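Colleague: One file: final.txt (compact mmCIF, C-alpha atoms (C1' of nucleotides)).
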```txt
# COMPACT_ATOMS: atom_id res chain seq x y z
CA MET A 1 0.00 0.00 0.00
CA ALA A 2 2.74 2.42 0.93
CA ALA A 3 4.60 1.06 -2.07
CA VAL A 4 1.71 1.89 -4.37
CA ALA A 5 1.34 5.43 -3.02
CA ALA A 6 5.06 6.13 -3.37
CA LEU A 7 5.22 4.73 -6.85
CA ASP A 8 2.27 6.92 -7.61
CA VAL A 9 3.86 10.25 -6.77
CA GLU A 10 7.00 9.36 -8.66
CA GLN A 11 5.09 8.34 -11.73
CA PHE A 12 3.12 11.55 -11.66
CA ARG A 13 6.29 13.61 -11.36
CA ARG A 14 7.84 11.86 -14.30
CA SER A 15 4.86 12.38 -16.60
CA ASP A 16 3.24 15.74 -17.21
CA ARG A 17 0.21 14.62 -15.24
CA ARG A 18 -1.07 16.54 -12.27
CA LEU A 19 -1.58 15.19 -8.82
CA THR A 20 -4.92 16.80 -8.02
CA PRO A 21 -6.85 16.42 -4.78
CA GLN A 22 -9.47 14.48 -6.73
CA ARG A 23 -6.96 11.89 -7.91
CA GLN A 24 -5.48 11.60 -4.45
CA ALA A 25 -8.95 11.04 -3.04
CA VAL A 26 -9.72 8.35 -5.61
CA LEU A 27 -6.44 6.57 -4.98
CA LYS A 28 -6.91 6.75 -1.23
CA ALA A 29 -10.45 5.42 -1.55
CA PHE A 30 -9.29 2.62 -3.81
CA LEU A 31 -6.52 1.58 -1.44
CA GLU A 32 -9.02 1.52 1.40
CA LEU A 33 -11.35 -0.80 -0.51
CA SER A 34 -8.92 -2.76 -2.66
CA ARG A 35 -9.41 -5.92 -0.64
CA GLU A 36 -12.99 -6.15 -1.84
CA HIS A 37 -12.38 -5.33 -5.53
CA PRO A 38 -14.54 -2.26 -5.46
CA THR A 39 -16.80 -0.93 -8.19
CA ALA A 40 -16.42 2.63 -9.47
CA GLU A 41 -19.55 3.56 -7.57
CA SER A 42 -18.21 2.42 -4.20
CA ILE A 43 -14.87 4.11 -4.84
CA TYR A 44 -16.84 7.24 -5.67
CA GLU A 45 -18.69 7.14 -2.36
CA ALA A 46 -15.48 6.63 -0.40
CA ALA A 47 -13.65 9.33 -2.35
CA ARG A 48 -16.30 11.92 -1.51
CA ARG A 49 -15.30 11.60 2.11
CA TYR A 50 -11.88 12.98 1.16
CA CYS A 51 -13.02 15.38 -1.55
CA PRO A 52 -16.75 16.07 -1.22
CA THR A 53 -17.09 17.80 -4.58
CA VAL A 54 -15.56 15.08 -6.72
CA GLY A 55 -17.78 13.89 -9.56
CA LEU A 56 -18.43 10.37 -10.73
CA ALA A 57 -16.97 11.13 -14.15
CA THR A 58 -13.72 12.16 -12.53
CA VAL A 59 -13.63 8.91 -10.61
CA TYR A 60 -13.96 6.99 -13.86
CA ARG A 61 -11.32 9.14 -15.52
CA SER A 62 -8.93 8.71 -12.60
CA LEU A 63 -9.41 4.96 -12.48
CA ASP A 64 -8.78 4.71 -16.22
CA LEU A 65 -5.66 6.76 -15.74
CA PHE A 66 -4.42 4.52 -12.95
CA VAL A 67 -5.02 1.49 -15.14
CA GLN A 68 -3.04 3.14 -17.95
CA MET A 69 -0.24 3.92 -15.51
CA GLY A 70 -0.21 0.32 -14.37
CA LEU A 71 -1.07 1.23 -10.78
CA ILE A 72 -4.23 -0.83 -10.72
CA GLN A 73 -6.05 -3.15 -13.07
CA LYS A 74 -9.56 -4.08 -14.01
CA ALA A 75 -10.90 -7.28 -12.55
CA PRO A 76 -13.04 -9.63 -14.66
CA SER A 77 -16.68 -9.28 -13.73
CA LEU A 78 -19.80 -11.28 -14.48
CA ASN A 79 -22.52 -8.66 -14.33
CA GLY A 80 -21.42 -5.71 -16.42
CA THR A 81 -20.12 -3.59 -13.57
CA ALA A 82 -16.43 -2.80 -13.71
CA ARG A 83 -14.37 -3.78 -10.70
CA TYR A 84 -10.85 -2.75 -9.88
CA ASP A 85 -7.99 -4.69 -8.40
CA THR A 86 -4.44 -4.05 -7.27
CA GLN A 87 -1.55 -4.83 -9.55
CA ARG A 88 0.06 -7.16 -6.98
CA VAL A 89 0.81 -10.14 -9.11
CA PRO A 90 -0.01 -13.65 -8.01
CA HIS A 91 -3.43 -13.92 -6.45
CA ASP A 92 -6.60 -15.78 -7.25
CA HIS A 93 -10.24 -14.83 -7.22
CA PHE A 94 -13.43 -16.34 -6.03
CA VAL A 95 -16.42 -15.00 -7.97
CA CYS A 96 -19.83 -15.46 -6.42
CA LEU A 97 -22.35 -16.53 -9.03
CA LYS A 98 -25.22 -14.98 -7.10
CA CYS A 99 -24.11 -11.56 -5.86
CA GLY A 100 -21.15 -11.01 -8.19
CA ARG A 101 -18.80 -10.15 -5.33
CA ILE A 102 -15.17 -10.97 -5.90
CA TYR A 103 -13.00 -12.34 -3.10
CA GLU A 104 -9.26 -12.56 -3.15
CA PHE A 105 -7.20 -15.59 -2.21
CA HIS A 106 -3.55 -16.36 -2.10
CA LYS A 107 -2.64 -19.82 -3.18
CA ALA A 108 0.68 -21.57 -3.29
CA GLN A 109 0.52 -23.14 -6.73
CA GLN A 110 0.21 -20.92 -9.75
CA PRO A 111 0.04 -22.31 -13.26
CA GLU A 112 2.85 -21.21 -15.50
CA ALA A 113 2.14 -19.45 -18.77
CA ASP A 114 4.17 -21.87 -20.84
CA GLY A 115 5.46 -21.75 -24.39
CA GLU A 116 2.10 -22.77 -25.80
CA PHE A 117 0.83 -19.21 -25.72
CA ASP A 118 3.93 -17.75 -27.29
CA GLU A 119 3.75 -20.23 -30.16
CA LYS A 120 0.23 -19.09 -30.94
CA GLY A 121 1.05 -15.40 -30.83
CA PHE A 122 -0.40 -14.58 -27.42
CA GLN A 123 1.53 -12.35 -25.05
CA VAL A 124 0.73 -13.18 -21.43
CA PHE A 125 1.15 -10.48 -18.78
CA ASN A 126 -0.60 -12.02 -15.84
CA THR A 127 -2.26 -15.22 -14.73
CA SER A 128 -5.03 -15.76 -12.28
CA THR A 129 -7.21 -18.65 -11.27
CA ILE A 130 -10.88 -18.05 -10.70
CA TYR A 131 -13.12 -20.17 -8.54
CA PHE A 132 -16.83 -19.92 -9.24
CA GLY A 133 -19.49 -20.71 -6.71
CA TYR A 134 -21.51 -19.32 -3.86
CA CYS A 135 -19.95 -17.17 -1.19
CA PRO A 136 -20.77 -17.61 2.52
CA SER A 137 -23.48 -14.91 2.44
CA CYS A 138 -25.25 -16.40 -0.58
CA ARG A 139 -24.93 -20.04 0.37
CA GLN A 140 -28.10 -19.80 2.46
CA MET B 1 -22.91 -30.17 -28.62
CA ALA B 2 -25.42 -32.91 -29.33
CA ALA B 3 -25.27 -33.65 -25.63
CA VAL B 4 -26.26 -30.11 -24.80
CA ALA B 5 -29.14 -30.09 -27.26
CA ALA B 6 -30.46 -33.41 -25.94
CA LEU B 7 -30.17 -32.33 -22.33
CA ASP B 8 -32.02 -29.24 -23.34
CA VAL B 9 -35.17 -30.89 -24.65
CA GLU B 10 -35.35 -33.17 -21.63
CA GLN B 11 -34.96 -30.30 -19.19
CA PHE B 12 -37.68 -28.35 -20.95
CA ARG B 13 -40.04 -31.32 -20.83
CA ARG B 14 -39.45 -31.78 -17.12
CA SER B 15 -40.16 -28.16 -16.23
CA ASP B 16 -43.26 -26.27 -17.30
CA ARG B 17 -41.18 -24.21 -19.70
CA ARG B 18 -41.95 -24.03 -23.38
CA LEU B 19 -39.60 -24.87 -26.18
CA THR B 20 -40.37 -22.02 -28.53
CA PRO B 21 -38.79 -21.42 -31.94
CA GLN B 22 -37.14 -18.34 -30.47
CA ARG B 23 -35.40 -20.33 -27.75
CA GLN B 24 -34.35 -22.97 -30.20
CA ALA B 25 -32.90 -20.27 -32.43
CA VAL B 26 -30.98 -18.72 -29.54
CA LEU B 27 -29.60 -22.06 -28.44
CA LYS B 28 -28.64 -22.97 -31.99
CA ALA B 29 -26.94 -19.61 -32.43
CA PHE B 30 -25.10 -19.95 -29.16
CA LEU B 31 -23.85 -23.44 -30.01
CA GLU B 32 -22.61 -22.15 -33.34
CA LEU B 33 -20.61 -19.38 -31.68
CA SER B 34 -19.75 -20.93 -28.34
CA ARG B 35 -16.10 -21.32 -29.29
CA GLU B 36 -15.68 -17.54 -29.31
CA HIS B 37 -17.60 -16.77 -26.10
CA PRO B 38 -20.19 -14.66 -27.86
CA THR B 39 -21.90 -11.52 -26.61
CA ALA B 40 -25.70 -11.28 -26.52
CA GLU B 41 -25.56 -9.03 -29.56
CA SER B 42 -23.72 -11.53 -31.74
CA ILE B 43 -25.99 -14.34 -30.59
CA TYR B 44 -28.91 -12.10 -31.52
CA GLU B 45 -27.59 -11.59 -35.03
CA ALA B 46 -27.00 -15.29 -35.54
CA ALA B 47 -30.39 -16.19 -34.06
CA ARG B 48 -32.20 -13.94 -36.52
CA ARG B 49 -31.03 -16.22 -39.30
CA TYR B 50 -33.09 -19.02 -37.74
CA CYS B 51 -35.97 -16.89 -36.49
CA PRO B 52 -35.98 -13.53 -38.27
CA THR B 53 -38.54 -11.92 -35.98
CA VAL B 54 -36.79 -12.66 -32.68
CA GLY B 55 -36.19 -9.59 -30.52
CA LEU B 56 -33.10 -8.68 -28.56
CA ALA B 57 -35.02 -8.77 -25.28
CA THR B 58 -36.01 -12.35 -25.99
CA VAL B 59 -32.40 -13.25 -26.62
CA TYR B 60 -31.45 -11.85 -23.21
CA ARG B 61 -34.35 -13.61 -21.55
CA SER B 62 -33.46 -16.90 -23.21
CA LEU B 63 -29.80 -16.64 -22.27
CA ASP B 64 -30.74 -15.89 -18.67
CA LEU B 65 -33.00 -18.89 -18.70
CA PHE B 66 -30.26 -21.15 -20.07
CA VAL B 67 -27.94 -19.91 -17.33
CA GLN B 68 -30.59 -20.66 -14.71
CA MET B 69 -31.06 -24.12 -16.19
CA GLY B 70 -27.33 -24.70 -16.04
CA LEU B 71 -27.04 -25.18 -19.80
CA ILE B 72 -24.61 -22.34 -20.26
CA GLN B 73 -22.80 -19.90 -18.03
CA LYS B 74 -21.67 -16.32 -18.06
CA ALA B 75 -18.00 -15.70 -18.75
CA PRO B 76 -16.11 -13.07 -16.75
CA SER B 77 -15.60 -9.97 -18.83
CA LEU B 78 -13.49 -6.87 -18.46
CA ASN B 79 -15.47 -4.30 -20.37
CA GLY B 80 -19.04 -4.52 -19.19
CA THR B 81 -20.40 -6.59 -22.03
CA ALA B 82 -21.76 -9.97 -21.00
CA ARG B 83 -20.26 -13.01 -22.67
CA TYR B 84 -21.52 -16.52 -22.58
CA ASP B 85 -19.70 -19.79 -22.32
CA THR B 86 -20.50 -23.49 -22.38
CA GLN B 87 -20.86 -25.44 -19.17
CA ARG B 88 -18.18 -27.96 -20.25
CA VAL B 89 -16.03 -28.04 -17.18
CA PRO B 90 -12.28 -27.77 -17.35
CA HIS B 91 -11.06 -25.09 -19.68
CA ASP B 92 -9.08 -21.91 -19.35
CA HIS B 93 -9.43 -18.46 -20.80
CA PHE B 94 -7.17 -15.93 -22.35
CA VAL B 95 -8.58 -12.40 -21.99
CA CYS B 96 -7.18 -9.73 -24.26
CA LEU B 97 -6.59 -6.53 -22.34
CA LYS B 98 -7.06 -4.44 -25.47
CA CYS B 99 -10.05 -5.76 -27.37
CA GLY B 100 -11.72 -7.76 -24.58
CA ARG B 101 -12.02 -10.89 -26.69
CA ILE B 102 -11.95 -14.15 -24.78
CA TYR B 103 -10.14 -17.19 -26.14
CA GLU B 104 -10.51 -20.70 -24.87
CA PHE B 105 -7.69 -23.06 -24.09
CA HIS B 106 -7.51 -26.58 -22.81
CA LYS B 107 -4.70 -27.21 -20.41
CA ALA B 108 -3.58 -30.37 -18.72
CA GLN B 109 -3.02 -29.11 -15.18
CA GLN B 110 -5.99 -27.71 -13.33
CA PRO B 111 -5.72 -26.37 -9.80
CA GLU B 112 -7.83 -28.25 -7.31
CA ALA B 113 -10.39 -26.45 -5.22
CA ASP B 114 -9.10 -27.76 -1.94
CA GLY B 115 -10.48 -27.77 1.57
CA GLU B 116 -9.44 -24.20 2.16
CA PHE B 117 -12.58 -22.89 0.50
CA ASP B 118 -14.88 -25.23 2.32
CA GLU B 119 -13.43 -24.21 5.68
CA LYS B 120 -14.20 -20.60 4.94
CA GLY B 121 -17.75 -21.26 3.83
CA PHE B 122 -17.27 -20.99 0.09
CA GLN B 123 -18.91 -23.49 -2.20
CA VAL B 124 -16.91 -23.99 -5.38
CA PHE B 125 -18.69 -25.17 -8.53
CA ASN B 126 -16.08 -24.57 -11.15
CA THR B 127 -12.48 -23.51 -11.57
CA SER B 128 -10.83 -21.72 -14.42
CA THR B 129 -7.47 -20.10 -15.01
CA ILE B 130 -7.34 -16.81 -16.83
CA TYR B 131 -4.37 -15.52 -18.75
CA PHE B 132 -4.28 -11.78 -19.33
CA GLY B 133 -2.37 -10.17 -22.14
CA TYR B 134 -2.53 -9.18 -25.80
CA CYS B 135 -4.01 -11.47 -28.40
CA PRO B 136 -2.34 -11.98 -31.79
CA SER B 137 -4.49 -9.29 -33.46
CA CYS B 138 -3.73 -6.67 -30.81
CA ARG B 139 -0.06 -7.45 -30.36
CA GLN B 140 0.80 -5.21 -33.35
C1' DG C 1 -0.11 32.22 -17.84
C1' DT C 2 -0.91 27.67 -19.95
C1' DG C 3 -2.69 23.53 -20.51
C1' DA C 4 -4.27 19.59 -18.02
C1' DT C 5 -8.18 18.56 -15.21
C1' DT C 6 -12.62 19.19 -13.34
C1' DG C 7 -17.99 19.03 -12.69
C1' DC C 8 -22.01 18.98 -14.88
C1' DA C 9 -25.23 17.37 -17.98
C1' DA C 10 -26.06 15.04 -22.01
C1' DA C 11 -25.12 11.07 -24.87
C1' DG C 12 -23.76 6.27 -25.52
C1' DG C 13 -24.03 1.41 -24.98
C1' DT C 14 -25.88 -2.68 -22.72
C1' DT C 15 -29.46 -4.94 -20.21
C1' DT C 16 -34.05 -5.10 -17.98
C1' DT C 17 -38.96 -4.33 -17.62
C1' DG C 18 -44.14 -3.34 -18.55
C1' DC C 19 -47.64 -4.65 -21.27
C1' DA C 20 -50.89 -6.17 -24.69
C1' DG C 21 -50.91 -9.70 -28.07
C1' DT C 22 -49.59 -14.51 -29.38
C1' DA C 23 -48.70 -19.25 -29.33
C1' DA C 24 -47.19 -23.69 -26.86
C1' DC C 25 -49.00 -26.95 -24.15
C1' DG D 1 -58.54 -22.58 -22.87
C1' DT D 2 -54.54 -21.39 -19.85
C1' DT D 3 -50.58 -19.51 -19.04
C1' DA D 4 -45.94 -18.94 -20.45
C1' DC D 5 -43.74 -16.40 -23.83
C1' DT D 6 -42.99 -12.76 -27.28
C1' DG D 7 -41.93 -8.08 -29.49
C1' DC D 8 -41.88 -3.55 -28.90
C1' DA D 9 -40.73 0.60 -26.73
C1' DA D 10 -39.49 2.73 -22.66
C1' DA D 11 -36.78 2.63 -18.60
C1' DA D 12 -32.81 1.52 -15.98
C1' DC D 13 -28.18 0.81 -15.64
C1' DC D 14 -23.17 1.84 -16.12
C1' DT D 15 -19.76 4.46 -18.55
C1' DT D 16 -18.00 7.97 -21.70
C1' DT D 17 -17.85 12.53 -23.76
C1' DG D 18 -18.33 17.76 -24.78
C1' DC D 19 -17.59 21.94 -22.86
C1' DA D 20 -16.81 26.05 -20.20
C1' DA D 21 -14.73 26.99 -15.84
C1' DT D 22 -10.92 25.99 -12.75
C1' DC D 23 -6.62 24.84 -10.76
C1' DA D 24 -1.78 22.60 -10.65
C1' DC D 25 2.32 23.50 -12.43
```
I need this file expressed as structure tokens, please.
Modeller:
Amino acid sequence: MAAVAALDVEQFRRSDRRLTPQRQAVLKAFLELSREHPTAESIYEAARRYCPTVGLATVYRSLDLFVQMGLIQKAPSLNGTARYDTQRVPHDHFVCLKCGRIYEFHKAQQPEADGEFDEKGFQVFNTSTIYFGYCPSCRQ
Amino acid sequence: MAAVAALDVEQFRRSDRRLTPQRQAVLKAFLELSREHPTAESIYEAARRYCPTVGLATVYRSLDLFVQMGLIQKAPSLNGTARYDTQRVPHDHFVCLKCGRIYEFHKAQQPEADGEFDEKGFQVFNTSTIYFGYCPSCRQ
DNA sequence: GTGATTGCAAAGGTTTTGCAGTAAC
DNA sequence: GTTACTGCAAAACCTTTGCAATCAC
């Protein structure tokens, strides 16, 4: 978390981008919620606590920017609502088929992206295993 | 494929659901395109070749129904457009970070959903590994 | 000062819903 | 004949975009 924030300031300095209060608020809100793979809407709500005038469009623009900068990444989602995730590399996801929530897990074994992909012209940046099912709240 | 179609008729008979030409067209269209994890829109276009009057809303309703019946499933997507996938169990996905296309791969090793999930109250139905990167068309 | 960034509101794209008519059983 | 299903159009979402005003540099 501290690593992400530090990286952040440096990257902003290097580019001609500006570190506005809005972007700081969005990043802070994201870091706060990153464990739960937040939607833009929930990041927006949290960010308003730090910068009450920030607009939803700015939240989307900031998140897109952070994705472009490689600070965060989009998480695959089942129901058409974008979710965001940290860039920390090897972790797996549990996707609830009922509520769409995404949970994060850390597992020992991680499949290797072997030569098969390279042969076929695919360039692999990241690998993640997804478990589908019902989460504790939805298991009734 | 034949297995899915056969299962289909049986399941319809058992429930009080009706096997309409529209639903047959949607299922046929989906089976035709299943390899490429089609969106509702592309299934709609293909389905109109079998049933020219079918509406987009009906396509969505049919796909939802097939998901409920366990015939097909939703595939995780990065860009807010739903994609559909077969229920055939062990296969992996490559998600292109640029165009959002999903490719299917069959790999030998498949991580096991071990007791860890059960302990925590998660019920795992299915497991899939996702590789993120650029596909051949987007690799430029 | 200059140009990137913002907030708002409007537009865009995807998916869902209400309803009267239709068709499968 | 019933009742589930359909097509249409409108509504409901989520996300992006245009633009004048603003603020970080």
Colleague: Within 9 Å of chain D, which residues of chain B show up when using all atoms listed in the file, listed as a PyMOL selection string?
Modeller: chain B and resi 16-18+20+22+53-58+80
Colleague: Using all atoms listed in the file, can you list as a list in words the residues within 8 Å of (-30.5, -16.7, -31.8)?
Modeller: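 Those residues lying close to the given coordinates are Gln22, Arg23, Gln24, Ala25, Val26, Leu27, Lys28, Ala29, Phe30, Ile43, Tyr44, Glu45, Ala46, Ala47, Arg48, Arg49, Tyr50, Cys51, Val54 and Val59 of chain B.
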Colleague: Compare A:Asn79, A:Tyr103, A:Glu41, A:Leu33 by their minimum atom-to-atom distance to chain C, counting only C-alpha atoms (C1' of nucleotides), and give me the closest one.
Modeller: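 Of the candidates, the smallest distance to chain C is held by A:Asn79.
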Colleague: Quick one: pull the distance between atom CA of Val95 of chain A and atom CA of Phe12 of chain B, Å, one decimal.
Modeller: 28.3 Å
Colleague: Quick one: which chain A residues come within 7 Å of chain B, and what is the nearest atom pair for each with the distance in Å to one decimal, counting all atoms listed in the file, rows ordered by chain and ascending number, as a tab-separated table?
Modeller:
```
residue	atom	partner	partner_atom	distance
A:Lys74	CA	B:Leu78	CA	6.6
A:Ala75	CA	B:Leu78	CA	6.5
A:Pro76	CA	B:Leu78	CA	4.7
A:Ser77	CA	B:Pro76	CA	4.9
A:Leu78	CA	B:Pro76	CA	4.7
A:Asn79	CA	B:Ala82	CA	6.8
A:Gly80	CA	B:Gly80	CA	3.8
A:Thr81	CA	B:Gly80	CA	5.8
A:Ala82	CA	B:Gly80	CA	6.3
A:Gly121	CA	B:Pro136	CA	4.9
A:Phe122	CA	B:Cys135	CA	4.9
A:Gln123	CA	B:Tyr134	CA	5.2
A:Val124	CA	B:Gly133	CA	4.4
A:Phe125	CA	B:Gly133	CA	4.9
A:Asn126	CA	B:Phe132	CA	5.1
A:Thr127	CA	B:Tyr131	CA	4.5
A:Ser128	CA	B:Ile130	CA	5.2
A:Thr129	CA	B:Thr129	CA	4.0
A:Ile130	CA	B:Ser128	CA	5.2
A:Tyr131	CA	B:Thr127	CA	4.6
A:Phe132	CA	B:Asn126	CA	5.1
A:Gly133	CA	B:Val124	CA	4.4
A:Tyr134	CA	B:Gln123	CA	5.2
A:Cys135	CA	B:Phe122	CA	4.8
A:Pro136	CA	B:Gly121	CA	4.9
```
Colleague: Please identify all residues of chain C having at least one atom at most 12 Å from any atom of chain A, considering only C-alpha atoms (C1' of nucleotides), and return them as a PDB file with C-alpha atoms (C1' of nucleotides), in the coordinates of the input.
Modeller:
```
ATOM      1  C1'  DG C   3      -2.690  23.530 -20.510  1.00  0.00           C
ATOM      2  C1'  DA C   4      -4.270  19.590 -18.020  1.00  0.00           C
ATOM      3  C1'  DT C   5      -8.180  18.560 -15.210  1.00  0.00           C
ATOM      4  C1'  DT C   6     -12.620  19.190 -13.340  1.00  0.00           C
ATOM      5  C1'  DG C   7     -17.990  19.030 -12.690  1.00  0.00           C
ATOM      6  C1'  DC C   8     -22.010  18.980 -14.880  1.00  0.00           C
ATOM      7  C1'  DA C   9     -25.230  17.370 -17.980  1.00  0.00           C
ATOM      8  C1'  DG C  13     -24.030   1.410 -24.980  1.00  0.00           C
ATOM      9  C1'  DT C  14     -25.880  -2.680 -22.720  1.00  0.00           C
ATOM     10  C1'  DT C  15     -29.460  -4.940 -20.210  1.00  0.00           C
TER      11       DT C  15
END
```
Colleague: Report the distance between atom CA of Val67 of chain A and atom CA of Asp85 of chain A in Å, rounded to one decimal place.
Modeller: 9.6 Å
Colleague: Can you measure atom CA of Pro21 of chain B to atom CA of Ser62 of chain B for me? One decimal in Å is fine.
Modeller: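 Separating atom CA of Pro21 of chain B from atom CA of Ser62 of chain B is a distance of 11.2 Å.
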Colleague: With 6 Å on each side, where is the centre of the axis-aligned box around all listed atoms of segment 18-22 of chain C, and how long are its edges in Å to one decimal, as JSON?
Modeller:
```
{"center_x": -47.5, "center_y": -8.9, "center_z": -24.0, "size_x": 18.8, "size_y": 23.2, "size_z": 22.8}
```
Colleague: Taking into account all atoms listed in the file, which residue in the set A:Thr86, A:Ser34, A:Ile102, A:Ser42 is nearest to Tyr60 of chain A?
Modeller: A:Ser42
